[in-house]
Amino acid sequence: MAASRLNNVVAGLAAGHPVFASFAAPDPVSAVEFSTTDYDGLIFETEHKPWDVGGLRDSFQYLLNRRQIHAAEGLAPAVTPLVRIPANGGEKAQWHAKQVLDLGAYGVVWPHITTVDEARNAVAACRYPSLPGSSRYEPAGLRGDSPGAAARYWGISNAEYYARSDVWPLDPDGEILVALMIEDQRGIENLPDILDQVPGIGLVLVGEGDMSQELGVPRQYEHPRVLECKRRILDVCGERGVAVGHPHVTADNVKQVLDDGYRFLMSAPVRSYPGLDLGRALTGRVPGREGAR
């Protein structure tokens, strides 16, 4: 195994620990806000936010917290940057994965994966090519070669980057995480074949928002039909030792999420304004009622 992990998310999953992460817009302000948190990883969201490569590059830099890195006596950012790309699995947008990895991302989240072929493409797009017969050849790599910026961000040489930039757990020393989102019935039905036939999948993330839409109960995450689908994903992945992520963890449900077996927990930070709230209460100024008579 690698002497010192650069990817804190992979380090946690490999050790069997729960991993904590969140979503953020790809902009420096969000990156700075998250840079001093205790999250293990941060997924920069470009599926439902603009595809902004310049913004992603800047966000990666602003996510670095030199004091935390120095205190840990390592190279790795305290909060590991991952990216959810905009393209659905069926679009096979290899260039999105290539660009975020070339910037230095430690992993790619692929939305709407539904088939073995789409899953194989997702893993292959995150790997460099090799000759048939090479160790761990399949899925055959498709990523183009331009490691300079990523190696600089990781703080290692190009040669070291090549040695460490394969996908985990296919390569036990790999630092790249491939996460697949399963968001519909077709994806659930094909999930056993996906995991049995495609090595290199490090995480399955439940897309309960789109899943609930398809079931006709939008955003009703505790609806019995939604819970049944999530249970099926947990069971399939649990039988194969693949970690499952929950995208909507709160203080109210976190114990249940852990008890259910999720190992990648995504929660959103909550902003509070105690001075404003108490001031309004003391003065009787209730929002939305100014001027109402």
# chains A, B, ... in the order shown; residues from 1 in each chain; ligands from 1
$ select_by_dssp --residues "stretch 125-204 of chain A" --states "alpha helix (DSSP H)" --output "compact mmCIF listing (two decimals) with N, CA and C atoms, in the first residue's frame"
# COMPACT_ATOMS: atom_id res chain seq x y z
N ALA A 125 -12.47 5.88 -18.32
CA ALA A 125 -12.17 7.29 -18.57
C ALA A 125 -11.27 7.88 -17.50
N GLY A 148 0.84 17.19 -15.87
CA GLY A 148 1.61 18.23 -15.21
C GLY A 148 0.87 18.99 -14.13
N ALA A 149 -0.32 19.51 -14.45
CA ALA A 149 -1.06 20.33 -13.48
C ALA A 149 -1.53 19.48 -12.30
N ALA A 150 -1.97 18.26 -12.57
CA ALA A 150 -2.44 17.39 -11.49
C ALA A 150 -1.29 17.01 -10.56
N ALA A 151 -0.13 16.69 -11.15
CA ALA A 151 1.03 16.33 -10.32
C ALA A 151 1.46 17.51 -9.45
N ARG A 152 1.42 18.70 -10.02
CA ARG A 152 1.77 19.89 -9.25
C ARG A 152 0.80 20.07 -8.09
N TYR A 153 -0.50 19.89 -8.34
CA TYR A 153 -1.49 20.05 -7.28
C TYR A 153 -1.30 19.00 -6.20
N TRP A 154 -1.00 17.78 -6.60
CA TRP A 154 -0.78 16.71 -5.64
C TRP A 154 0.54 16.87 -4.89
N ASN A 158 5.79 14.01 -11.93
CA ASN A 158 4.98 13.34 -12.94
C ASN A 158 5.08 11.82 -12.81
N ALA A 159 6.31 11.32 -12.58
CA ALA A 159 6.50 9.88 -12.46
C ALA A 159 5.73 9.32 -11.26
N GLU A 160 5.76 10.05 -10.16
CA GLU A 160 5.00 9.61 -8.98
C GLU A 160 3.50 9.67 -9.25
N TYR A 161 3.10 10.68 -9.99
CA TYR A 161 1.66 10.80 -10.31
C TYR A 161 1.21 9.59 -11.12
N TYR A 162 1.98 9.22 -12.14
CA TYR A 162 1.63 8.04 -12.92
C TYR A 162 1.48 6.80 -12.02
N ALA A 163 2.37 6.69 -11.04
CA ALA A 163 2.37 5.51 -10.18
C ALA A 163 1.18 5.48 -9.23
N ARG A 164 0.61 6.66 -8.94
CA ARG A 164 -0.43 6.73 -7.90
C ARG A 164 -1.81 7.13 -8.42
N GLN A 185 -34.66 2.82 -11.65
CA GLN A 185 -34.93 1.38 -11.56
C GLN A 185 -34.01 0.57 -12.46
N ARG A 186 -33.71 1.10 -13.63
CA ARG A 186 -32.82 0.38 -14.54
C ARG A 186 -31.44 0.22 -13.91
N GLY A 187 -30.94 1.27 -13.30
CA GLY A 187 -29.64 1.19 -12.64
C GLY A 187 -29.64 0.19 -11.50
N ILE A 188 -30.74 0.17 -10.73
CA ILE A 188 -30.83 -0.78 -9.61
C ILE A 188 -30.85 -2.22 -10.13
N GLU A 189 -31.63 -2.46 -11.18
CA GLU A 189 -31.71 -3.82 -11.73
C GLU A 189 -30.36 -4.29 -12.26
N ASN A 190 -29.59 -3.38 -12.83
CA ASN A 190 -28.31 -3.75 -13.43
C ASN A 190 -27.14 -3.67 -12.46
N LEU A 191 -27.40 -3.20 -11.23
CA LEU A 191 -26.29 -2.99 -10.29
C LEU A 191 -25.50 -4.25 -9.98
N PRO A 192 -26.14 -5.42 -9.77
CA PRO A 192 -25.33 -6.62 -9.52
C PRO A 192 -24.36 -6.91 -10.66
N ASP A 193 -24.82 -6.81 -11.90
CA ASP A 193 -23.93 -7.05 -13.05
C ASP A 193 -22.86 -5.97 -13.14
N ILE A 194 -23.22 -4.73 -12.85
CA ILE A 194 -22.23 -3.65 -12.89
C ILE A 194 -21.08 -3.94 -11.94
N LEU A 195 -21.40 -4.29 -10.71
CA LEU A 195 -20.34 -4.52 -9.71
C LEU A 195 -19.60 -5.83 -9.96
N ASP A 196 -20.26 -6.81 -10.54
CA ASP A 196 -19.60 -8.09 -10.80
C ASP A 196 -18.69 -8.03 -12.02
N GLN A 197 -19.03 -7.17 -12.97
CA GLN A 197 -18.31 -7.18 -14.25
C GLN A 197 -17.35 -6.01 -14.44
$ residues_around --residues "stretch 254-266 of chain A" --least-positions-apart "4" --cutoff "7 Å" --atoms "only C-alpha atoms" --output "mmCIF file with N, CA, C and O atoms, in the first residue's frame"
data_model
loop_
_atom_site.group_PDB
_atom_site.id
_atom_site.type_symbol
_atom_site.label_atom_id
_atom_site.label_comp_id
_atom_site.auth_asym_id
_atom_site.auth_seq_id
_atom_site.Cartn_x
_atom_site.Cartn_y
_atom_site.Cartn_z
ATOM 1 N N PRO A 18 -16.371 5.287 8.403
ATOM 2 C CA PRO A 18 -17.308 6.219 7.760
ATOM 3 C C PRO A 18 -16.547 7.439 7.246
ATOM 4 O O PRO A 18 -15.595 7.911 7.881
ATOM 5 N N VAL A 19 -16.961 7.922 6.087
ATOM 6 C CA VAL A 19 -16.339 9.085 5.459
ATOM 7 C C VAL A 19 -17.398 10.172 5.353
ATOM 8 O O VAL A 19 -18.558 9.904 4.999
ATOM 9 N N PHE A 20 -17.003 11.413 5.637
ATOM 10 C CA PHE A 20 -17.946 12.525 5.662
ATOM 11 C C PHE A 20 -17.593 13.536 4.572
ATOM 12 O O PHE A 20 -16.423 13.919 4.430
ATOM 13 N N ALA A 21 -18.606 13.951 3.822
ATOM 14 C CA ALA A 21 -18.378 14.845 2.694
ATOM 15 C C ALA A 21 -19.568 15.777 2.519
ATOM 16 O O ALA A 21 -20.588 15.657 3.210
ATOM 17 N N SER A 22 -19.421 16.695 1.564
ATOM 18 C CA SER A 22 -20.499 17.620 1.255
ATOM 19 C C SER A 22 -20.402 18.022 -0.209
ATOM 20 O O SER A 22 -19.425 17.692 -0.909
ATOM 21 N N ALA A 243 -18.687 0.357 -0.851
ATOM 22 C CA ALA A 243 -19.279 1.374 0.018
ATOM 23 C C ALA A 243 -20.426 2.079 -0.691
ATOM 24 O O ALA A 243 -20.402 2.289 -1.909
ATOM 25 N N VAL A 244 -21.437 2.478 0.101
ATOM 26 C CA VAL A 244 -22.600 3.194 -0.423
ATOM 27 C C VAL A 244 -22.673 4.564 0.248
ATOM 28 O O VAL A 244 -22.443 4.695 1.453
ATOM 29 N N GLY A 245 -22.999 5.582 -0.557
ATOM 30 C CA GLY A 245 -23.102 6.935 -0.047
ATOM 31 C C GLY A 245 -24.533 7.410 0.054
ATOM 32 O O GLY A 245 -25.384 7.074 -0.781
ATOM 33 N N HIS A 246 -24.807 8.206 1.086
ATOM 34 C CA HIS A 246 -26.117 8.822 1.311
ATOM 35 C C HIS A 246 -25.958 10.326 1.112
ATOM 36 O O HIS A 246 -25.130 10.959 1.776
ATOM 37 N N PRO A 247 -26.759 10.947 0.225
ATOM 38 C CA PRO A 247 -26.531 12.354 -0.126
ATOM 39 C C PRO A 247 -27.222 13.377 0.765
ATOM 40 O O PRO A 247 -26.992 14.577 0.599
ATOM 41 N N HIS A 248 -28.080 12.945 1.691
ATOM 42 C CA HIS A 248 -28.863 13.904 2.469
ATOM 43 C C HIS A 248 -28.839 13.548 3.955
ATOM 44 O O HIS A 248 -29.856 13.182 4.538
ATOM 45 N N VAL A 249 -27.679 13.657 4.551
ATOM 46 C CA VAL A 249 -27.525 13.314 5.964
ATOM 47 C C VAL A 249 -27.745 14.568 6.808
ATOM 48 O O VAL A 249 -27.197 15.633 6.528
ATOM 49 N N THR A 250 -28.549 14.410 7.847
ATOM 50 C CA THR A 250 -28.833 15.512 8.768
ATOM 51 C C THR A 250 -28.654 15.034 10.198
ATOM 52 O O THR A 250 -28.474 13.835 10.452
#
$ residues_around --residues "A:Val123" --least-positions-apart "6" --cutoff "10 Å" --atoms "only C-alpha atoms" --output "PDB file with all heavy atoms, in the first residue's frame"
ATOM      1  N   GLN A  94     -16.195  11.290 -21.684  1.00  0.00           N
ATOM      2  CA  GLN A  94     -14.861  11.027 -21.152  1.00  0.00           C
ATOM      3  C   GLN A  94     -14.073  12.318 -20.947  1.00  0.00           C
ATOM      4  O   GLN A  94     -13.231  12.405 -20.049  1.00  0.00           O
ATOM      5  CB  GLN A  94     -14.117  10.092 -22.098  1.00  0.00           C
ATOM      6  CG  GLN A  94     -14.790   8.739 -22.259  1.00  0.00           C
ATOM      7  CD  GLN A  94     -14.352   8.006 -23.506  1.00  0.00           C
ATOM      8  OE1 GLN A  94     -13.435   8.442 -24.196  1.00  0.00           O
ATOM      9  NE2 GLN A  94     -15.009   6.895 -23.807  1.00  0.00           N
ATOM     10  N   ALA A  97     -14.320  13.922 -17.416  1.00  0.00           N
ATOM     11  CA  ALA A  97     -13.467  13.262 -16.430  1.00  0.00           C
ATOM     12  C   ALA A  97     -12.012  13.624 -16.655  1.00  0.00           C
ATOM     13  O   ALA A  97     -11.267  13.901 -15.698  1.00  0.00           O
ATOM     14  CB  ALA A  97     -13.665  11.748 -16.507  1.00  0.00           C
ATOM     15  N   VAL A 108     -14.020  11.225  -9.455  1.00  0.00           N
ATOM     16  CA  VAL A 108     -15.090  11.682 -10.335  1.00  0.00           C
ATOM     17  C   VAL A 108     -16.383  10.978  -9.932  1.00  0.00           C
ATOM     18  O   VAL A 108     -16.407   9.751  -9.757  1.00  0.00           O
ATOM     19  CB  VAL A 108     -14.774  11.375 -11.811  1.00  0.00           C
ATOM     20  CG1 VAL A 108     -15.908  11.852 -12.711  1.00  0.00           C
ATOM     21  CG2 VAL A 108     -13.455  12.022 -12.227  1.00  0.00           C
ATOM     22  N   TRP A 110     -20.030  10.109 -11.232  1.00  0.00           N
ATOM     23  CA  TRP A 110     -20.726   9.966 -12.514  1.00  0.00           C
ATOM     24  C   TRP A 110     -22.234   9.854 -12.275  1.00  0.00           C
ATOM     25  O   TRP A 110     -22.698   8.874 -11.693  1.00  0.00           O
ATOM     26  CB  TRP A 110     -20.246   8.711 -13.240  1.00  0.00           C
ATOM     27  CG  TRP A 110     -18.820   8.773 -13.673  1.00  0.00           C
ATOM     28  CD1 TRP A 110     -17.715   8.568 -12.906  1.00  0.00           C
ATOM     29  CD2 TRP A 110     -18.339   9.045 -14.996  1.00  0.00           C
ATOM     30  NE1 TRP A 110     -16.572   8.699 -13.667  1.00  0.00           N
ATOM     31  CE2 TRP A 110     -16.920   8.989 -14.943  1.00  0.00           C
ATOM     32  CE3 TRP A 110     -18.967   9.326 -16.209  1.00  0.00           C
ATOM     33  CZ2 TRP A 110     -16.135   9.209 -16.069  1.00  0.00           C
ATOM     34  CZ3 TRP A 110     -18.184   9.542 -17.329  1.00  0.00           C
ATOM     35  CH2 TRP A 110     -16.783   9.487 -17.261  1.00  0.00           C
ATOM     36  N   GLU A 138      -8.033  -4.403 -17.480  1.00  0.00           N
ATOM     37  CA  GLU A 138      -9.445  -4.050 -17.628  1.00  0.00           C
ATOM     38  C   GLU A 138      -9.965  -3.311 -16.398  1.00  0.00           C
ATOM     39  O   GLU A 138      -9.591  -3.647 -15.272  1.00  0.00           O
ATOM     40  CB  GLU A 138     -10.287  -5.312 -17.846  1.00  0.00           C
ATOM     41  CG  GLU A 138     -10.024  -6.013 -19.166  1.00  0.00           C
ATOM     42  CD  GLU A 138     -10.597  -5.268 -20.351  1.00  0.00           C
ATOM     43  OE1 GLU A 138     -11.341  -4.267 -20.140  1.00  0.00           O
ATOM     44  OE2 GLU A 138     -10.316  -5.667 -21.493  1.00  0.00           O
ATOM     45  N   PRO A 139     -10.846  -2.322 -16.614  1.00  0.00           N
ATOM     46  CA  PRO A 139     -11.283  -1.737 -17.883  1.00  0.00           C
ATOM     47  C   PRO A 139     -10.149  -0.933 -18.539  1.00  0.00           C
ATOM     48  O   PRO A 139      -9.494  -0.135 -17.864  1.00  0.00           O
ATOM     49  CB  PRO A 139     -12.442  -0.814 -17.491  1.00  0.00           C
ATOM     50  CG  PRO A 139     -12.869  -1.261 -16.129  1.00  0.00           C
ATOM     51  CD  PRO A 139     -11.603  -1.758 -15.467  1.00  0.00           C
ATOM     52  N   ALA A 140      -9.945  -1.159 -19.807  1.00  0.00           N
ATOM     53  CA  ALA A 140      -8.833  -0.547 -20.523  1.00  0.00           C
ATOM     54  C   ALA A 140      -8.918   0.971 -20.461  1.00  0.00           C
ATOM     55  O   ALA A 140      -9.949   1.568 -20.772  1.00  0.00           O
ATOM     56  CB  ALA A 140      -8.840  -1.015 -21.974  1.00  0.00           C
ATOM     57  N   GLY A 141      -7.814   1.604 -20.049  1.00  0.00           N
ATOM     58  CA  GLY A 141      -7.802   3.043 -19.833  1.00  0.00           C
ATOM     59  C   GLY A 141      -8.003   3.858 -21.092  1.00  0.00           C
ATOM     60  O   GLY A 141      -7.554   3.475 -22.181  1.00  0.00           O
ATOM     61  N   LEU A 142      -8.662   5.004 -20.927  1.00  0.00           N
ATOM     62  CA  LEU A 142      -8.965   5.902 -22.040  1.00  0.00           C
ATOM     63  C   LEU A 142      -8.503   7.338 -21.791  1.00  0.00           C
ATOM     64  O   LEU A 142      -8.623   8.186 -22.667  1.00  0.00           O
ATOM     65  CB  LEU A 142     -10.485   5.928 -22.296  1.00  0.00           C
ATOM     66  CG  LEU A 142     -11.128   4.602 -22.704  1.00  0.00           C
ATOM     67  CD1 LEU A 142     -12.652   4.721 -22.637  1.00  0.00           C
ATOM     68  CD2 LEU A 142     -10.684   4.204 -24.109  1.00  0.00           C
ATOM     69  N   ARG A 143      -7.973   7.608 -20.600  1.00  0.00           N
ATOM     70  CA  ARG A 143      -7.610   8.978 -20.250  1.00  0.00           C
ATOM     71  C   ARG A 143      -6.404   9.447 -21.052  1.00  0.00           C
ATOM     72  O   ARG A 143      -5.403   8.753 -21.178  1.00  0.00           O
ATOM     73  CB  ARG A 143      -7.302   9.046 -18.750  1.00  0.00           C
ATOM     74  CG  ARG A 143      -6.898  10.428 -18.265  1.00  0.00           C
ATOM     75  CD  ARG A 143      -6.554  10.415 -16.782  1.00  0.00           C
ATOM     76  NE  ARG A 143      -6.010  11.691 -16.366  1.00  0.00           N
ATOM     77  CZ  ARG A 143      -5.484  11.954 -15.170  1.00  0.00           C
ATOM     78  NH1 ARG A 143      -5.461  10.986 -14.258  1.00  0.00           N
ATOM     79  NH2 ARG A 143      -5.004  13.143 -14.893  1.00  0.00           N
ATOM     80  N   ASP A 166      -3.914   5.620 -10.550  1.00  0.00           N
ATOM     81  CA  ASP A 166      -4.884   4.632 -11.010  1.00  0.00           C
ATOM     82  C   ASP A 166      -6.076   4.644 -10.058  1.00  0.00           C
ATOM     83  O   ASP A 166      -6.067   5.290  -9.009  1.00  0.00           O
ATOM     84  CB  ASP A 166      -4.249   3.243 -11.062  1.00  0.00           C
ATOM     85  CG  ASP A 166      -4.989   2.314 -12.026  1.00  0.00           C
ATOM     86  OD1 ASP A 166      -6.012   2.726 -12.600  1.00  0.00           O
ATOM     87  OD2 ASP A 166      -4.529   1.172 -12.207  1.00  0.00           O
ATOM     88  N   VAL A 167      -7.111   3.914 -10.432  1.00  0.00           N
ATOM     89  CA  VAL A 167      -8.339   3.923  -9.639  1.00  0.00           C
ATOM     90  C   VAL A 167      -8.248   2.903  -8.500  1.00  0.00           C
ATOM     91  O   VAL A 167      -7.676   1.821  -8.645  1.00  0.00           O
ATOM     92  CB  VAL A 167      -9.582   3.631 -10.510  1.00  0.00           C
ATOM     93  CG1 VAL A 167      -9.726   4.681 -11.597  1.00  0.00           C
ATOM     94  CG2 VAL A 167      -9.516   2.243 -11.130  1.00  0.00           C
ATOM     95  N   LEU A 170      -9.237  -1.087  -7.550  1.00  0.00           N
ATOM     96  CA  LEU A 170      -8.619  -1.949  -8.551  1.00  0.00           C
ATOM     97  C   LEU A 170      -7.108  -1.976  -8.348  1.00  0.00           C
ATOM     98  O   LEU A 170      -6.487  -3.041  -8.364  1.00  0.00           O
ATOM     99  CB  LEU A 170      -8.973  -1.447  -9.952  1.00  0.00           C
ATOM    100  CG  LEU A 170      -8.361  -2.199 -11.130  1.00  0.00           C
ATOM    101  CD1 LEU A 170      -8.725  -3.668 -11.096  1.00  0.00           C
ATOM    102  CD2 LEU A 170      -8.786  -1.556 -12.445  1.00  0.00           C
ATOM    103  N   ILE A 176      -7.299   7.563  -7.150  1.00  0.00           N
ATOM    104  CA  ILE A 176      -8.465   8.082  -7.862  1.00  0.00           C
ATOM    105  C   ILE A 176      -9.707   7.281  -7.474  1.00  0.00           C
ATOM    106  O   ILE A 176      -9.714   6.048  -7.551  1.00  0.00           O
ATOM    107  CB  ILE A 176      -8.270   8.012  -9.391  1.00  0.00           C
ATOM    108  CG1 ILE A 176      -7.059   8.832  -9.828  1.00  0.00           C
ATOM    109  CG2 ILE A 176      -9.528   8.485 -10.111  1.00  0.00           C
ATOM    110  CD1 ILE A 176      -7.191  10.316  -9.604  1.00  0.00           C
ATOM    111  N   LEU A 177     -10.748   7.989  -7.070  1.00  0.00           N
ATOM    112  CA  LEU A 177     -12.007   7.349  -6.687  1.00  0.00           C
ATOM    113  C   LEU A 177     -13.021   7.511  -7.816  1.00  0.00           C
ATOM    114  O   LEU A 177     -13.284   8.629  -8.268  1.00  0.00           O
ATOM    115  CB  LEU A 177     -12.558   7.984  -5.416  1.00  0.00           C
ATOM    116  CG  LEU A 177     -13.880   7.409  -4.906  1.00  0.00           C
ATOM    117  CD1 LEU A 177     -13.679   6.000  -4.360  1.00  0.00           C
ATOM    118  CD2 LEU A 177     -14.488   8.315  -3.839  1.00  0.00           C
ATOM    119  N   VAL A 178     -13.576   6.404  -8.257  1.00  0.00           N
ATOM    120  CA  VAL A 178     -14.677   6.413  -9.229  1.00  0.00           C
ATOM    121  C   VAL A 178     -15.962   6.126  -8.464  1.00  0.00           C
ATOM    122  O   VAL A 178     -16.123   5.046  -7.891  1.00  0.00           O
ATOM    123  CB  VAL A 178     -14.464   5.380 -10.342  1.00  0.00           C
ATOM    124  CG1 VAL A 178     -15.664   5.369 -11.290  1.00  0.00           C
ATOM    125  CG2 VAL A 178     -13.182   5.678 -11.116  1.00  0.00           C
ATOM    126  N   ALA A 179     -16.863   7.092  -8.461  1.00  0.00           N
ATOM    127  CA  ALA A 179     -18.143   6.956  -7.765  1.00  0.00           C
ATOM    128  C   ALA A 179     -19.262   6.962  -8.787  1.00  0.00           C
ATOM    129  O   ALA A 179     -19.320   7.854  -9.642  1.00  0.00           O
ATOM    130  CB  ALA A 179     -18.329   8.089  -6.762  1.00  0.00           C
ATOM    131  N   LEU A 180     -20.134   5.985  -8.706  1.00  0.00           N
ATOM    132  CA  LEU A 180     -21.270   5.882  -9.623  1.00  0.00           C
ATOM    133  C   LEU A 180     -22.554   6.230  -8.896  1.00  0.00           C
ATOM    134  O   LEU A 180     -22.799   5.729  -7.798  1.00  0.00           O
ATOM    135  CB  LEU A 180     -21.387   4.466 -10.185  1.00  0.00           C
ATOM    136  CG  LEU A 180     -20.150   3.837 -10.819  1.00  0.00           C
ATOM    137  CD1 LEU A 180     -20.504   2.472 -11.393  1.00  0.00           C
ATOM    138  CD2 LEU A 180     -19.545   4.741 -11.882  1.00  0.00           C
ATOM    139  N   VAL A 198     -17.442  -4.984 -13.590  1.00  0.00           N
ATOM    140  CA  VAL A 198     -16.604  -3.793 -13.779  1.00  0.00           C
ATOM    141  C   VAL A 198     -15.754  -3.562 -12.532  1.00  0.00           C
ATOM    142  O   VAL A 198     -16.250  -3.021 -11.536  1.00  0.00           O
ATOM    143  CB  VAL A 198     -17.456  -2.548 -14.079  1.00  0.00           C
ATOM    144  CG1 VAL A 198     -16.544  -1.346 -14.359  1.00  0.00           C
ATOM    145  CG2 VAL A 198     -18.388  -2.783 -15.261  1.00  0.00           C
ATOM    146  N   PRO A 199     -14.490  -3.936 -12.551  1.00  0.00           N
ATOM    147  CA  PRO A 199     -13.620  -3.638 -11.415  1.00  0.00           C
ATOM    148  C   PRO A 199     -13.252  -2.157 -11.383  1.00  0.00           C
ATOM    149  O   PRO A 199     -13.270  -1.476 -12.414  1.00  0.00           O
ATOM    150  CB  PRO A 199     -12.386  -4.503 -11.679  1.00  0.00           C
ATOM    151  CG  PRO A 199     -12.357  -4.680 -13.163  1.00  0.00           C
ATOM    152  CD  PRO A 199     -13.797  -4.697 -13.605  1.00  0.00           C
ATOM    153  N   GLY A 200     -12.940  -1.655 -10.192  1.00  0.00           N
ATOM    154  CA  GLY A 200     -12.486  -0.269 -10.084  1.00  0.00           C
ATOM    155  C   GLY A 200     -13.521   0.704  -9.582  1.00  0.00           C
ATOM    156  O   GLY A 200     -13.254   1.908  -9.521  1.00  0.00           O
ATOM    157  N   ILE A 201     -14.699   0.212  -9.207  1.00  0.00           N
ATOM    158  CA  ILE A 201     -15.742   1.080  -8.659  1.00  0.00           C
ATOM    159  C   ILE A 201     -15.519   1.196  -7.156  1.00  0.00           C
ATOM    160  O   ILE A 201     -15.601   0.208  -6.427  1.00  0.00           O
ATOM    161  CB  ILE A 201     -17.143   0.526  -8.964  1.00  0.00           C
ATOM    162  CG1 ILE A 201     -17.358   0.456 -10.472  1.00  0.00           C
ATOM    163  CG2 ILE A 201     -18.216   1.387  -8.288  1.00  0.00           C
ATOM    164  CD1 ILE A 201     -18.549  -0.380 -10.886  1.00  0.00           C
ATOM    165  N   GLY A 202     -15.236   2.405  -6.687  1.00  0.00           N
ATOM    166  CA  GLY A 202     -14.913   2.588  -5.282  1.00  0.00           C
ATOM    167  C   GLY A 202     -16.076   2.998  -4.416  1.00  0.00           C
ATOM    168  O   GLY A 202     -16.024   2.864  -3.190  1.00  0.00           O
TER     169      GLY A 202
END
$ residues_around --residues "stretch 211-223 of chain A" --least-positions-apart "4" --cutoff "7 Å" --atoms "only C-alpha atoms" --output "VMD selection string"
chain A and resid 183 to 184 207 227
$ residues_around --residues "A:Gln99" --least-positions-apart "3" --cutoff "12 Å" --atoms "only C-alpha atoms" --output "VMD selection string"
chain A and resid 51 to 54 56 to 57 83 85 93 to 96 102 to 108 125 to 126 143 to 147 149 to 150
$ select_by_dssp --residues "stretch 56-213 of chain A" --states "strand (DSSP E)" --output "PyMOL selection string"
chain A and resi 80-84+107-110+167-168+176-182+203-206
$ write_last_selection --atoms "N, CA, C and O atoms" --output "compact mmCIF listing (two decimals), in the first residue's frame"
# COMPACT_ATOMS: atom_id res chain seq x y z
N THR A 80 -10.46 16.54 0.70
CA THR A 80 -10.14 16.01 -0.62
C THR A 80 -11.15 16.48 -1.66
O THR A 80 -12.36 16.25 -1.50
N PRO A 81 -10.70 17.11 -2.76
CA PRO A 81 -11.62 17.56 -3.80
C PRO A 81 -11.99 16.46 -4.79
O PRO A 81 -11.13 15.81 -5.38
N LEU A 82 -13.30 16.26 -4.95
CA LEU A 82 -13.87 15.39 -5.97
C LEU A 82 -14.78 16.26 -6.83
O LEU A 82 -15.14 17.36 -6.44
N VAL A 83 -15.20 15.75 -7.99
CA VAL A 83 -16.07 16.53 -8.87
C VAL A 83 -17.19 15.65 -9.40
O VAL A 83 -16.94 14.55 -9.91
N ARG A 84 -18.44 16.13 -9.26
CA ARG A 84 -19.54 15.49 -9.98
C ARG A 84 -19.65 16.18 -11.33
O ARG A 84 -19.93 17.38 -11.41
N GLY A 107 -11.08 12.35 -7.65
CA GLY A 107 -12.15 11.42 -7.97
C GLY A 107 -13.22 12.07 -8.80
O GLY A 107 -13.33 13.30 -8.86
N VAL A 108 -14.02 11.22 -9.46
CA VAL A 108 -15.09 11.68 -10.33
C VAL A 108 -16.38 10.98 -9.93
O VAL A 108 -16.41 9.75 -9.76
N VAL A 109 -17.43 11.77 -9.78
CA VAL A 109 -18.77 11.23 -9.51
C VAL A 109 -19.55 11.28 -10.81
O VAL A 109 -19.72 12.35 -11.40
N TRP A 110 -20.03 10.11 -11.23
CA TRP A 110 -20.73 9.97 -12.51
C TRP A 110 -22.23 9.85 -12.28
O TRP A 110 -22.70 8.87 -11.69
N VAL A 167 -7.11 3.91 -10.43
CA VAL A 167 -8.34 3.92 -9.64
C VAL A 167 -8.25 2.90 -8.50
O VAL A 167 -7.68 1.82 -8.64
N TRP A 168 -8.81 3.28 -7.38
CA TRP A 168 -8.90 2.41 -6.21
C TRP A 168 -10.33 1.87 -6.15
O TRP A 168 -11.28 2.60 -6.47
N ILE A 176 -7.30 7.56 -7.15
CA ILE A 176 -8.46 8.08 -7.86
C ILE A 176 -9.71 7.28 -7.47
O ILE A 176 -9.71 6.05 -7.55
N LEU A 177 -10.75 7.99 -7.07
CA LEU A 177 -12.01 7.35 -6.69
C LEU A 177 -13.02 7.51 -7.82
O LEU A 177 -13.28 8.63 -8.27
N VAL A 178 -13.58 6.40 -8.26
CA VAL A 178 -14.68 6.41 -9.23
C VAL A 178 -15.96 6.13 -8.46
O VAL A 178 -16.12 5.05 -7.89
N ALA A 179 -16.86 7.09 -8.46
CA ALA A 179 -18.14 6.96 -7.76
C ALA A 179 -19.26 6.96 -8.79
O ALA A 179 -19.32 7.85 -9.64
N LEU A 180 -20.13 5.99 -8.71
CA LEU A 180 -21.27 5.88 -9.62
C LEU A 180 -22.55 6.23 -8.90
O LEU A 180 -22.80 5.73 -7.80
N MET A 181 -23.37 7.06 -9.51
CA MET A 181 -24.68 7.37 -8.95
C MET A 181 -25.73 6.44 -9.56
O MET A 181 -25.87 6.37 -10.79
N ILE A 182 -26.45 5.73 -8.73
CA ILE A 182 -27.55 4.88 -9.16
C ILE A 182 -28.83 5.62 -8.79
O ILE A 182 -29.12 5.85 -7.61
N LEU A 203 -17.15 3.49 -5.05
CA LEU A 203 -18.28 4.02 -4.27
C LEU A 203 -19.52 4.03 -5.13
O LEU A 203 -19.46 4.35 -6.33
N VAL A 204 -20.65 3.69 -4.55
CA VAL A 204 -21.96 3.86 -5.19
C VAL A 204 -22.73 4.88 -4.37
O VAL A 204 -22.89 4.72 -3.15
N LEU A 205 -23.18 5.92 -5.03
CA LEU A 205 -23.91 6.99 -4.36
C LEU A 205 -25.38 6.91 -4.76
O LEU A 205 -25.72 6.91 -5.95
N VAL A 206 -26.25 6.82 -3.77
CA VAL A 206 -27.69 6.73 -4.02
C VAL A 206 -28.22 8.08 -4.48
O VAL A 206 -28.06 9.09 -3.79
$ atom_distance --atom1 "atom CA of A:Val116" --atom2 "atom CA of A:Lys92"
12.2 Å
$ atom_distance --atom1 "atom CA of A:Asn8" --atom2 "atom CA of A:Val79"
7.3 Å
$ closest_residue --among "A:Ile233, A:Ala122, A:Ala15, A:Leu63" --to "A:Asp27" --atoms "only C-alpha atoms"
A:Leu63
$ closest_residue --among "A:Val29, A:Gly284, A:Gly241, A:Arg66" --to "A:Pro169" --atoms "only C-alpha atoms"
A:Gly241
